[in-house]
file structure.txt (compact mmCIF, C-alpha atoms)
# COMPACT_ATOMS: atom_id res chain seq x y z
CA MET A 23 -25.04 -18.16 28.03
CA THR A 24 -23.63 -19.16 24.62
CA VAL A 25 -21.77 -17.05 22.06
CA VAL A 26 -22.14 -17.90 18.37
CA GLY A 27 -19.58 -16.34 16.00
CA LEU A 28 -19.72 -16.48 12.21
CA ASP A 29 -17.95 -14.90 9.27
CA ASP A 30 -17.27 -14.93 5.52
CA THR A 31 -20.62 -15.95 4.06
CA ASP A 32 -20.97 -13.24 1.42
CA SER A 33 -19.54 -12.66 -2.04
CA ARG A 34 -18.25 -9.58 -3.84
CA ASP A 35 -20.16 -10.59 -6.98
CA ARG A 36 -23.10 -12.73 -5.88
CA GLY A 37 -24.22 -10.67 -2.92
CA MET A 38 -25.55 -12.16 0.34
CA CYS A 39 -24.57 -10.50 3.63
CA THR A 40 -23.20 -12.02 6.82
CA THR A 41 -25.51 -9.77 8.87
CA TYR A 42 -28.45 -11.42 7.12
CA VAL A 43 -27.16 -14.90 7.95
CA ALA A 44 -26.73 -13.86 11.60
CA ALA A 45 -30.24 -12.40 11.68
CA ARG A 46 -31.63 -15.69 10.34
CA VAL A 47 -29.70 -17.67 12.96
CA ALA A 48 -31.11 -15.40 15.68
CA GLU A 49 -34.61 -15.76 14.24
CA ARG A 50 -34.39 -19.57 14.21
CA LEU A 51 -33.14 -19.66 17.80
CA ARG A 52 -36.06 -17.51 18.92
CA ARG A 53 -38.49 -19.79 17.10
CA GLU A 54 -37.03 -22.72 19.03
CA GLY A 55 -37.75 -20.95 22.32
CA CYS A 56 -34.30 -19.51 23.00
CA ALA A 57 -33.64 -15.94 24.07
CA VAL A 58 -31.26 -13.78 22.04
CA GLU A 59 -29.77 -11.04 24.22
CA ARG A 60 -27.99 -9.18 21.42
CA CYS A 61 -26.37 -9.49 18.00
CA LEU A 62 -22.93 -7.97 17.45
CA LEU A 63 -21.63 -6.60 14.15
CA VAL A 64 -17.85 -6.42 14.51
CA ARG A 65 -15.79 -4.62 11.87
CA LEU A 66 -12.31 -6.10 11.60
CA ASN A 67 -9.13 -4.68 10.03
CA PRO A 68 -10.32 -2.72 6.95
CA ALA A 69 -6.90 -3.11 5.31
CA VAL A 70 -7.07 -6.90 4.94
CA GLU A 71 -6.81 -7.65 1.22
CA TYR A 72 -9.07 -10.71 1.05
CA LYS A 73 -12.03 -9.06 2.78
CA THR A 74 -15.32 -8.05 1.24
CA ARG A 75 -16.02 -4.33 1.53
CA GLY A 76 -16.86 -3.98 5.22
CA ASN A 77 -14.91 -6.93 6.69
CA ALA A 78 -17.67 -7.72 9.17
CA ALA A 79 -17.88 -10.65 11.56
CA LEU A 80 -21.02 -11.42 13.57
CA ALA A 81 -21.79 -12.76 17.04
CA ILE A 82 -25.07 -13.85 18.63
CA HIS A 83 -25.43 -13.93 22.42
CA THR A 84 -28.10 -16.47 23.39
CA ASP A 85 -29.22 -18.71 26.23
CA ALA A 86 -29.45 -21.67 23.84
CA ASP A 87 -27.64 -24.87 24.70
CA PRO A 88 -24.26 -24.79 22.88
CA ASP A 89 -25.04 -27.95 20.90
CA GLN A 90 -28.41 -26.56 19.83
CA ALA A 91 -26.87 -23.19 18.88
CA PHE A 92 -24.15 -24.95 16.88
CA ASP A 93 -26.65 -27.08 14.94
CA VAL A 94 -28.91 -24.12 14.14
CA ALA A 95 -26.04 -21.88 13.04
CA ARG A 96 -24.42 -24.58 10.91
CA GLU A 97 -27.69 -25.34 9.12
CA ARG A 98 -28.27 -21.66 8.35
CA LEU A 99 -24.70 -21.16 7.12
CA GLU A 100 -24.86 -24.20 4.88
CA ALA A 101 -28.15 -22.98 3.42
CA LEU A 102 -27.31 -19.31 2.94
CA ALA A 103 -23.54 -18.84 2.50
CA GLU A 104 -22.37 -18.05 -1.04
CA THR A 105 -19.99 -21.00 -1.25
CA ALA A 106 -20.25 -21.04 -5.06
CA ASP A 107 -17.79 -18.13 -4.94
CA GLU A 108 -14.34 -19.67 -4.53
CA ARG A 109 -13.31 -16.65 -2.44
CA THR A 110 -15.98 -17.32 0.20
CA HIS A 111 -14.82 -19.52 3.11
CA PRO A 112 -17.48 -19.55 5.87
CA GLY A 113 -16.54 -20.21 9.46
CA LEU A 114 -18.53 -20.88 12.63
CA VAL A 115 -17.38 -20.86 16.27
CA VAL A 116 -19.56 -21.53 19.33
CA ALA A 117 -18.33 -20.80 22.86
CA ASP A 118 -20.17 -22.16 25.90
CA SER A 119 -19.43 -19.21 28.16
CA ALA A 120 -21.03 -15.87 28.94
CA PRO A 121 -19.92 -13.02 26.62
CA ALA A 122 -18.37 -11.13 29.54
CA ALA A 123 -16.48 -14.24 30.67
CA VAL A 124 -14.74 -15.10 27.40
CA ALA A 125 -11.07 -15.80 28.01
CA ASP A 126 -8.61 -12.91 27.89
CA GLU A 127 -6.61 -14.58 25.10
CA VAL A 128 -9.75 -14.64 22.92
CA SER A 129 -10.34 -10.94 23.56
CA ALA A 130 -6.70 -10.27 22.68
CA PHE A 131 -7.26 -12.23 19.44
CA THR A 132 -10.20 -9.89 18.66
CA ARG A 133 -8.10 -6.78 19.13
CA ARG A 134 -5.42 -8.21 16.84
CA ALA A 135 -8.04 -9.03 14.21
CA ILE A 136 -9.15 -5.39 14.21
CA ARG A 137 -5.69 -3.82 14.01
CA ASP A 138 -3.40 -6.48 12.61
CA HIS A 139 -3.20 -9.54 10.34
CA LEU A 140 -3.93 -13.08 11.49
CA GLU A 141 -3.46 -16.45 9.84
CA ILE A 142 -5.85 -19.41 9.85
CA ARG A 143 -3.37 -21.28 12.02
CA ASP A 144 -3.68 -18.58 14.70
CA ALA A 145 -7.41 -19.25 14.94
CA VAL A 146 -7.07 -23.05 14.82
CA ASP A 147 -4.48 -23.10 17.61
CA LEU A 148 -6.66 -20.93 19.86
CA LEU A 149 -9.77 -22.97 19.10
CA GLU A 150 -7.97 -26.14 20.11
CA ARG A 151 -6.71 -24.59 23.36
CA ARG A 152 -10.17 -23.32 24.31
CA GLY A 153 -12.07 -26.39 23.13
CA TYR A 154 -14.69 -24.33 21.28
CA ARG A 155 -16.98 -25.99 18.76
CA SER A 156 -16.20 -24.91 15.20
CA TRP A 157 -17.12 -25.66 11.61
CA HIS A 158 -15.95 -24.36 8.24
CA THR A 159 -15.91 -24.90 4.52
CA GLY A 160 -13.22 -24.02 2.01
CA ASP A 161 -9.91 -23.13 3.57
CA GLY A 162 -11.54 -22.19 6.87
CA ARG A 163 -10.50 -18.55 6.84
CA GLY A 164 -13.92 -17.55 8.18
CA ARG A 165 -12.94 -19.03 11.55
CA ILE A 166 -10.65 -16.04 12.10
CA GLY A 167 -13.53 -13.56 12.02
CA ALA A 168 -15.91 -15.94 13.80
CA LEU A 169 -13.50 -16.34 16.73
CA ALA A 170 -12.82 -12.59 16.77
CA ALA A 171 -16.58 -11.96 17.01
CA VAL A 172 -16.83 -14.36 19.96
CA GLY A 173 -14.26 -12.30 21.90
CA ALA A 174 -15.54 -8.85 20.94
CA TRP A 175 -17.81 -8.11 23.90
CA ASN A 176 -14.89 -8.39 26.30
CA ALA A 177 -12.35 -6.82 23.96
CA LEU A 178 -14.04 -3.51 23.15
CA GLU A 179 -15.40 -0.68 25.28
CA GLU A 180 -17.13 1.63 22.81
CA TRP A 181 -20.26 0.52 20.94
CA THR A 182 -22.75 2.08 18.54
CA TYR A 183 -25.84 0.66 16.81
CA GLU A 184 -27.07 -0.24 13.35
CA HIS A 185 -30.66 -1.09 12.50
CA ILE A 186 -30.69 -3.12 9.26
CA SER A 187 -33.86 -3.69 7.22
CA TYR A 188 -33.92 -6.61 4.77
CA ARG A 189 -35.71 -7.03 1.46
CA GLU A 190 -38.16 -9.69 0.43
CA SER A 191 -36.09 -12.46 -1.16
CA ASP A 192 -37.78 -12.25 -4.56
CA ARG A 193 -36.54 -8.64 -4.85
CA TRP A 194 -32.86 -9.42 -4.30
CA GLY A 195 -30.81 -8.32 -7.27
CA THR A 196 -33.43 -5.83 -8.47
CA PRO A 197 -33.26 -2.02 -8.07
CA ARG A 198 -34.33 -0.92 -4.59
CA GLU A 199 -37.56 1.06 -4.42
CA ILE A 200 -36.91 3.85 -1.93
CA VAL A 201 -38.60 7.26 -1.66
CA ARG A 202 -35.46 9.41 -1.62
CA GLU A 203 -37.15 12.41 -0.04
CA SER A 204 -38.21 10.29 2.92
CA VAL A 205 -34.61 9.23 3.52
CA PHE A 206 -33.37 12.83 3.65
CA THR A 207 -36.29 13.88 5.86
CA ALA A 208 -35.68 11.01 8.26
CA ALA A 209 -31.94 11.75 8.28
CA ASN A 210 -32.56 15.38 9.20
CA ARG A 211 -34.77 14.36 12.12
CA GLY A 212 -32.25 11.86 13.44
CA TYR A 213 -29.04 13.88 13.05
CA PRO A 214 -26.65 14.14 14.87
CA GLU A 215 -27.57 11.16 17.07
CA VAL A 216 -28.02 9.18 13.86
CA TRP A 217 -25.22 9.72 11.35
CA ASP A 218 -24.04 8.75 7.85
CA THR A 219 -27.60 8.19 6.65
CA VAL A 220 -27.20 10.53 3.67
CA ASP A 221 -24.57 12.73 2.04
CA ARG A 222 -26.28 16.04 1.42
CA ASP A 223 -23.64 17.65 -0.78
CA GLU A 224 -23.39 14.59 -3.02
CA ASP A 225 -27.20 14.04 -2.87
CA GLU A 226 -26.58 10.39 -2.00
CA THR A 227 -28.55 8.02 0.24
CA VAL A 228 -25.56 6.49 2.01
CA CYS A 229 -27.70 4.07 4.03
CA VAL A 230 -28.98 2.32 0.88
CA PRO A 231 -26.43 -0.14 -0.58
CA HIS A 232 -25.78 -0.68 -4.29
CA THR A 233 -24.84 -4.36 -4.07
CA PRO A 234 -27.26 -7.15 -5.02
CA GLY A 235 -27.62 -8.48 -1.47
CA PRO A 236 -30.61 -8.65 0.88
CA ILE A 237 -30.16 -5.32 2.71
CA LEU A 238 -32.70 -2.57 1.98
CA HIS A 239 -31.07 0.04 4.25
CA GLY A 240 -28.87 0.25 7.34
CA ILE A 241 -29.22 3.10 9.85
CA ARG A 242 -26.27 3.88 12.15
CA GLY A 243 -26.19 5.91 15.30
CA ASP A 244 -25.55 6.24 19.02
CA ASN A 245 -28.98 5.24 20.29
CA PRO A 246 -31.01 2.11 19.47
CA ASP A 247 -34.38 3.87 19.59
CA ALA A 248 -33.11 6.67 17.36
CA VAL A 249 -31.85 4.33 14.62
CA ARG A 250 -35.12 2.38 14.70
CA GLY A 251 -37.05 5.64 14.44
CA VAL A 252 -35.16 6.79 11.35
CA ALA A 253 -35.61 3.38 9.70
CA ASP A 254 -39.35 3.48 10.38
CA ARG A 255 -39.69 6.88 8.65
CA ILE A 256 -38.14 5.70 5.36
CA LYS A 257 -40.75 4.92 2.74
CA GLY A 258 -40.37 2.39 -0.05
CA GLU A 259 -40.73 -1.28 -0.81
CA PRO A 260 -41.90 -3.69 1.94
CA VAL A 261 -39.46 -4.62 4.69
CA ALA A 262 -39.31 -8.41 5.06
CA SER A 263 -37.47 -8.35 8.41
CA SER A 264 -35.08 -6.24 10.46
CA GLN A 265 -32.42 -6.65 13.10
CA LEU A 266 -30.70 -4.28 15.54
CA PHE A 267 -26.95 -4.83 15.84
CA VAL A 268 -24.57 -3.59 18.53
CA THR A 269 -21.42 -2.64 16.63
CA ASN A 270 -17.98 -1.07 16.75
CA GLN A 271 -18.75 1.01 13.66
CA GLY A 272 -17.88 4.68 13.93
CA THR A 273 -15.36 4.21 16.74
CA ASP A 274 -11.87 4.44 15.16
CA VAL A 275 -10.87 1.31 17.08
CA HIS A 276 -8.81 0.23 14.05
CA LEU A 277 -6.35 3.12 14.45
CA ARG A 278 -3.06 2.76 16.31
CA ASP A 279 -0.79 5.63 17.32
CA ALA A 280 2.64 5.42 15.71
CA ASN A 281 5.53 7.46 14.40
CA LEU A 282 6.45 7.48 10.72
CA ALA A 283 9.35 5.11 11.19
CA ALA A 284 7.09 2.35 12.54
CA ILE A 285 4.37 2.13 9.87
CA GLN A 286 3.63 -1.09 7.97
CA ASP A 287 1.34 -1.86 5.06
CA GLY A 288 -2.03 -3.35 5.85
CA ARG A 289 -2.62 -1.48 9.10
CA ALA A 290 -4.32 1.79 10.05
CA TYR A 291 -2.66 4.60 11.96
CA ARG A 292 -2.96 7.97 13.65
CA ILE A 293 0.31 9.80 12.89
CA ASP A 294 1.74 13.27 13.54
CA GLY A 295 3.92 14.99 10.98
CA ARG A 296 4.67 18.06 8.91
CA VAL A 297 3.78 18.70 5.27
CA VAL A 298 6.92 18.62 3.09
CA SER A 299 5.48 18.76 -0.44
CA GLU A 300 2.96 20.88 -2.26
CA PRO A 301 -0.32 18.98 -2.85
CA GLU A 302 -0.34 17.27 -6.25
CA THR A 303 -3.41 16.22 -8.22
CA ARG A 304 -2.65 13.16 -10.30
CA ARG A 305 -4.41 11.23 -13.02
CA GLY A 306 -7.89 10.19 -11.95
CA GLY A 307 -8.32 13.21 -9.67
CA HIS A 308 -6.43 11.71 -6.72
CA VAL A 309 -4.60 14.24 -4.54
CA PHE A 310 -1.27 13.43 -2.86
CA VAL A 311 0.83 15.21 -0.26
CA ALA A 312 3.96 14.08 1.61
CA LEU A 313 4.37 14.11 5.37
CA GLU A 314 7.60 13.99 7.34
CA SER A 315 8.34 13.46 11.00
CA ALA A 316 8.76 16.68 12.95
CA ALA A 317 11.39 15.02 15.16
CA ALA A 318 14.68 16.82 15.54
CA ASN A 319 16.73 13.74 14.60
CA ARG A 320 16.34 13.34 10.85
CA SER A 321 19.02 10.68 10.37
CA ASP A 322 16.46 8.26 8.93
CA ASP A 323 14.55 10.62 6.65
CA GLN A 324 13.62 7.99 4.06
CA ARG A 325 11.66 5.95 6.61
CA ARG A 326 10.20 9.05 8.21
CA ARG A 327 8.55 10.33 5.03
CA LEU A 328 5.02 9.21 4.16
CA GLU A 329 2.86 9.91 1.12
CA CYS A 330 -0.78 10.58 1.99
CA ALA A 331 -3.61 10.38 -0.53
CA ALA A 332 -7.17 11.66 -0.85
CA PHE A 333 -8.57 9.48 -3.62
CA GLU A 334 -11.26 10.59 -6.05
CA PRO A 335 -14.14 8.90 -4.16
CA THR A 336 -13.49 11.24 -1.22
CA LYS A 337 -14.92 14.03 -3.40
CA ARG A 338 -14.82 17.49 -1.79
CA PHE A 339 -12.44 16.33 0.92
CA ARG A 340 -9.70 16.58 -1.72
CA ASN A 341 -10.04 20.36 -1.64
CA ARG A 342 -8.99 20.28 2.01
CA ILE A 343 -5.79 18.50 0.99
CA ARG A 344 -5.21 20.92 -1.88
CA ALA A 345 -5.38 23.76 0.67
CA LEU A 346 -2.37 22.45 2.63
CA ARG A 347 1.01 24.17 2.45
CA VAL A 348 4.57 23.04 3.13
CA GLY A 349 5.23 23.48 6.85
CA ASP A 350 1.69 22.80 8.08
CA ARG A 351 1.67 20.44 11.07
CA LEU A 352 -0.95 17.68 10.98
CA THR A 353 -2.30 14.53 12.55
CA VAL A 354 -3.42 12.13 9.81
CA CYS A 355 -5.56 8.99 10.10
CA GLY A 356 -5.96 6.13 7.68
CA GLU A 357 -4.84 2.76 6.39
CA VAL A 358 -1.43 2.29 4.81
CA SER A 359 -1.22 0.37 1.54
CA ARG A 360 1.88 0.12 -0.65
CA GLY A 361 3.53 2.79 1.45
CA THR A 362 0.71 5.33 1.02
CA LEU A 363 -1.72 6.39 3.73
CA LYS A 364 -5.33 6.54 2.51
CA LEU A 365 -6.69 9.53 4.36
CA GLU A 366 -9.86 9.09 6.43
CA LYS A 367 -9.50 12.32 8.38
CA PHE A 368 -6.82 14.76 9.49
CA ALA A 369 -6.33 17.45 12.10
CA VAL A 370 -4.57 20.74 11.42
CA ARG A 371 -2.37 21.38 14.46
CA ASP A 372 -0.47 24.40 13.16
CA LEU A 373 -0.77 26.43 9.96
CA VAL A 374 1.87 28.33 8.05
CA THR A 375 0.59 31.92 8.09
CA THR A 376 3.31 33.75 6.13
CA GLU A 377 5.14 33.13 2.89
CA ARG A 378 8.48 34.38 1.58
CA VAL A 379 8.24 36.31 -1.68
CA THR A 380 10.46 38.40 -3.92
CA PRO A 381 10.60 41.88 -2.32
CA THR A 382 8.84 44.90 -3.82
CA CYS A 383 10.62 48.22 -4.39
CA PRO A 384 9.37 50.75 -1.79
CA ASP A 385 9.70 53.59 -4.31
CA CYS A 386 8.09 52.28 -7.52
CA GLU A 387 6.28 49.25 -6.03
CA ARG A 388 7.62 47.00 -8.77
CA ARG A 389 8.98 43.58 -7.98
CA MET A 390 12.75 43.51 -7.55
CA LYS A 391 15.06 41.25 -9.53
CA SER A 392 17.79 38.94 -8.28
CA ALA A 393 21.13 40.69 -8.01
CA GLY A 394 22.99 37.40 -8.42
CA GLN A 395 23.66 34.34 -6.32
CA ASN A 396 23.71 35.25 -2.62
CA GLN A 397 23.59 38.96 -3.49
CA GLY A 398 19.99 39.70 -2.60
CA TYR A 399 17.57 41.68 -4.79
CA ARG A 400 17.74 45.05 -6.59
CA CYS A 401 15.26 47.34 -8.33
CA ARG A 402 16.78 47.99 -11.75
CA ASP A 403 14.86 51.26 -12.13
CA CYS A 404 15.35 52.85 -8.72
CA GLY A 405 18.54 51.17 -7.54
CA THR A 406 17.03 50.14 -4.20
CA SER A 407 18.06 46.78 -2.79
CA ALA A 408 17.05 44.10 -0.28
CA ASP A 409 19.16 41.42 1.39
CA GLY A 410 16.68 38.58 0.75
CA LYS A 411 13.07 37.61 0.29
CA ALA A 412 10.32 39.41 2.18
CA GLU A 413 7.60 37.83 4.32
CA ARG A 414 3.94 38.54 3.75
CA PRO A 415 0.75 37.23 5.39
CA LEU A 416 -0.70 34.12 3.77
CA GLU A 417 -4.47 33.76 3.57
CA ARG A 418 -5.56 30.20 4.34
CA ASP A 419 -8.74 28.27 3.54
CA LEU A 420 -8.16 25.98 6.53
CA GLU A 421 -8.52 26.45 10.26
CA ILE A 422 -7.07 24.61 13.24
CA GLY A 423 -9.13 21.48 13.80
CA TRP A 424 -10.31 18.18 12.32
CA TYR A 425 -11.48 17.52 8.74
CA GLU A 426 -12.99 14.28 7.46
CA VAL A 427 -14.02 12.50 4.27
CA PRO A 428 -17.74 12.92 3.44
CA PRO A 429 -20.28 10.29 4.51
CA CYS A 430 -20.36 8.72 1.03
CA ALA A 431 -16.64 7.82 1.36
CA ARG A 432 -16.37 6.89 5.02
CA ARG A 433 -15.21 3.46 6.16
CA HIS A 434 -17.69 1.66 8.39
CA ILE A 435 -15.29 1.60 11.33
CA ALA A 436 -14.07 5.22 11.02
CA LYS A 437 -15.40 7.66 13.60
CA PRO A 438 -17.43 10.62 12.23
CA LEU A 439 -16.47 13.95 13.72
CA VAL A 440 -20.08 14.58 14.73
CA ARG A 441 -19.70 11.84 17.37
CA GLY A 442 -17.29 14.10 19.26
CA GLY A 443 -14.45 13.18 21.58
CA PHE A 444 -11.73 14.77 19.45
CA ASP A 445 -8.89 16.87 20.84
CA ALA A 446 -9.40 19.94 18.65
CA PRO A 447 -12.32 21.79 17.00
CA THR A 448 -14.13 19.71 14.38
CA HIS A 449 -15.62 20.51 10.99
CA PRO A 450 -18.13 17.66 10.46
CA GLU A 451 -19.36 16.68 7.01
CA ARG A 452 -23.08 16.05 6.53
call {"tool": "encode", "arguments": {"input": "structure.txt", "output": "structure tokens"}}
result
Amino acid sequence: MTVVGLDDTDSRDRGMCTTYVAARVAERLRREGCAVERCLLVRLNPAVEYKTRGNAALAIHTDADPDQAFDVARERLEALAETADERTHPGLVVADSAPAAVADEVSAFTRRAIRDHLEIRDAVDLLERRGYRSWHTGDGRGRIGALAAVGAWNALEEWTYEHISYRESDRWGTPREIVRESVFTAANRGYPEVWDTVDRDEDETVCVPHTPGPILHGIRGDNPDAVRGVADRIKGEPVASSQLFVTNQGTDVHLRDANLAAIQDGRAYRIDGRVVSEPETRRGGHVFVALESAAANRSDDQRRRLECAAFEPTKRFRNRIRALRVGDRLTVCGEVSRGTLKLEKFAVRDLVTTERVTPTCPDCERRMKSAGQNQGYRCRDCGTSADGKAERPLERDLEIGWYEVPPCARRHIAKPLVRGGFDAPTHPER
């Protein structure tokens, strides 16, 4: 068995898609009489600055001879990669070992590529130690993702599926012709086993991209037959070809547990803390709230305070953040950039249920006035007094449990609540 890994063939501006290149490599291998056992779509660290939107690397598991697989993959990369974009640096790695027998150090490299930052030198050193065939253009950065894709089958335990349909090449760059009603109907039939196909509240077909590349639509879910079924029910322009990918999308494998003192930019975390600021809506409609460690030792408060943000594209999710109050205890998930955590989801662990207010006079029911610093409150009409503020019940728009961004704003690798496996009640977005 041979593993073919490839990465960085697409462009932010010119389109293309690395999944399409992988599908064409798999197609060519089949035409040459080779079996393709599976294609992997591996989402790497979403916080890497130089990535395209999804930061995907691809792997093809085949019985082709390694030399044959290398020649086929290189020819397809040279023909299809968007190397006219100076930011595109394709890479190819071919390993002559079964996917389940890839060396432990390669699998460890994969896990680092998903949660951390790697340099080209890291990939080159490992390639030389393992003796894998490789090829690249540009600065060779694509070898990082290609090598990570090679090690993914051994590195990861949880997998989902995506069925991607591709357009006829003469339609690339033109508006996609999709019958919107068929997408929503198909999504309803597939849900919850098939998820993030549409965003009902935003009336958006999430599975249909807006970029000029070759993808017509991509259907994600927990079952290969279910994702194929939803794809088949969508009506629109002709489908030129399609490919089923095994993927780590929707798994939260990018998140690492940490305390507030340990966070670094460019990584994604799952962190516990307590709200220490009232939610603030800033220019552009972005909503911010500050979190602080609940630890008893507060000697390092500056490092234990974290600003969390729900940006405008998260739409109605921002109202969940606006509903928070100082003292609420949370678990937050998201990537950290420039010291701010970009919220993907959060869990309410404990809610503040009372608030302290100026006391009311029991005789006239008017609000009391301050009697002076540290002197409590007094009703100027009745002469009644109170030692301090009174507590009253606080009505909340939140419940204990998990809340998430809507499908239109979800990262590919982030786990939707509908997939389950969370440690508190969930409130899934559809």
call {"tool": "residues_around", "arguments": {"input": "structure.txt", "residues": "A:Leu80", "least_positions_apart": "6", "cutoff": "9 Å", "atoms": "all atoms listed in the file", "output": "list of chain:residue names"}}
result
A:Val26, A:Gly27, A:Leu28, A:Asp29, A:Thr40, A:Thr41, A:Ala44, A:Cys61, A:Leu62, A:Leu63, A:Val64, A:Arg65, A:Gly167, A:Ala168, A:Ala170, A:Ala171, A:Val172
call {"tool": "atom_distance", "arguments": {"input": "structure.txt", "atom1": "atom CA of A:Arg351", "atom2": "atom CA of A:Pro381"}}
result
26.8 Å
call {"tool": "closest_residue", "arguments": {"input": "structure.txt", "among": "A:Tyr399, A:Pro428, A:Leu373, A:Val297", "to": "A:Glu226", "atoms": "all atoms listed in the file"}}
result
A:Pro428
call {"tool": "closest_residue", "arguments": {"input": "structure.txt", "among": "A:Asp147, A:Glu426, A:Asp409, A:Glu184", "to": "A:Asn341", "atoms": "only C-alpha atoms"}}
result
A:Glu426
call {"tool": "atom_distance", "arguments": {"input": "structure.txt", "atom1": "atom CA of A:Glu203", "atom2": "atom CA of A:Val252"}}
result
12.9 Å
call {"tool": "residues_near_point", "arguments": {"input": "structure.txt", "point": "(-41.8, -8.5, -1.1)", "cutoff": "8 Å", "atoms": "only C-alpha atoms", "output": "PyMOL selection string"}}
result
chain A and resi 189-193+259-262
call {"tool": "write_last_selection", "arguments": {"input": "structure.txt", "atoms": "C-alpha atoms", "output": "PDB file, keeping the file's coordinate frame"}}
result
ATOM      1  CA  ARG A 189     -35.710  -7.030   1.460  1.00  0.00           C
ATOM      2  CA  GLU A 190     -38.160  -9.690   0.430  1.00  0.00           C
ATOM      3  CA  SER A 191     -36.090 -12.460  -1.160  1.00  0.00           C
ATOM      4  CA  ASP A 192     -37.780 -12.250  -4.560  1.00  0.00           C
ATOM      5  CA  ARG A 193     -36.540  -8.640  -4.850  1.00  0.00           C
ATOM      6  CA  GLU A 259     -40.730  -1.280  -0.810  1.00  0.00           C
ATOM      7  CA  PRO A 260     -41.900  -3.690   1.940  1.00  0.00           C
ATOM      8  CA  VAL A 261     -39.460  -4.620   4.690  1.00  0.00           C
ATOM      9  CA  ALA A 262     -39.310  -8.410   5.060  1.00  0.00           C
TER      10      ALA A 262
END
call {"tool": "build_atoms", "arguments": {"input": "structure.txt", "residues": "stretch 199-211 of chain A", "atoms": "N, CA and C atoms", "output": "short mmCIF file (atom, residue, chain, number, x, y, z; two decimals), keeping the file's coordinate frame"}}
result
data_model
loop_
_atom_site.label_atom_id
_atom_site.label_comp_id
_atom_site.auth_asym_id
_atom_site.auth_seq_id
_atom_site.Cartn_x
_atom_site.Cartn_y
_atom_site.Cartn_z
N GLU A 199 -36.52 0.04 -4.30
CA GLU A 199 -37.56 1.06 -4.42
C GLU A 199 -37.63 1.83 -3.11
N ILE A 200 -37.00 3.00 -3.12
CA ILE A 200 -36.91 3.85 -1.93
C ILE A 200 -37.39 5.25 -2.31
N VAL A 201 -38.20 5.86 -1.46
CA VAL A 201 -38.60 7.26 -1.66
C VAL A 201 -37.47 8.13 -1.12
N ARG A 202 -36.66 8.68 -2.03
CA ARG A 202 -35.46 9.41 -1.62
C ARG A 202 -35.76 10.54 -0.65
N GLU A 203 -36.83 11.27 -0.90
CA GLU A 203 -37.15 12.41 -0.04
C GLU A 203 -37.38 11.97 1.40
N SER A 204 -37.95 10.77 1.56
CA SER A 204 -38.21 10.29 2.92
C SER A 204 -36.91 9.97 3.64
N VAL A 205 -35.89 9.53 2.90
CA VAL A 205 -34.61 9.23 3.52
C VAL A 205 -33.97 10.51 4.04
N PHE A 206 -33.97 11.56 3.23
CA PHE A 206 -33.37 12.83 3.65
C PHE A 206 -34.15 13.46 4.80
N THR A 207 -35.48 13.35 4.77
CA THR A 207 -36.29 13.88 5.86
C THR A 207 -36.02 13.14 7.15
N ALA A 208 -35.97 11.81 7.07
CA ALA A 208 -35.68 11.01 8.26
C ALA A 208 -34.28 11.30 8.79
N ALA A 209 -33.32 11.45 7.87
CA ALA A 209 -31.94 11.75 8.28
C ALA A 209 -31.86 13.07 9.02
N ASN A 210 -32.57 14.07 8.54
CA ASN A 210 -32.56 15.38 9.20
C ASN A 210 -33.12 15.29 10.62
N ARG A 211 -34.16 14.48 10.80
CA ARG A 211 -34.77 14.36 12.12
C ARG A 211 -33.87 13.59 13.09
#
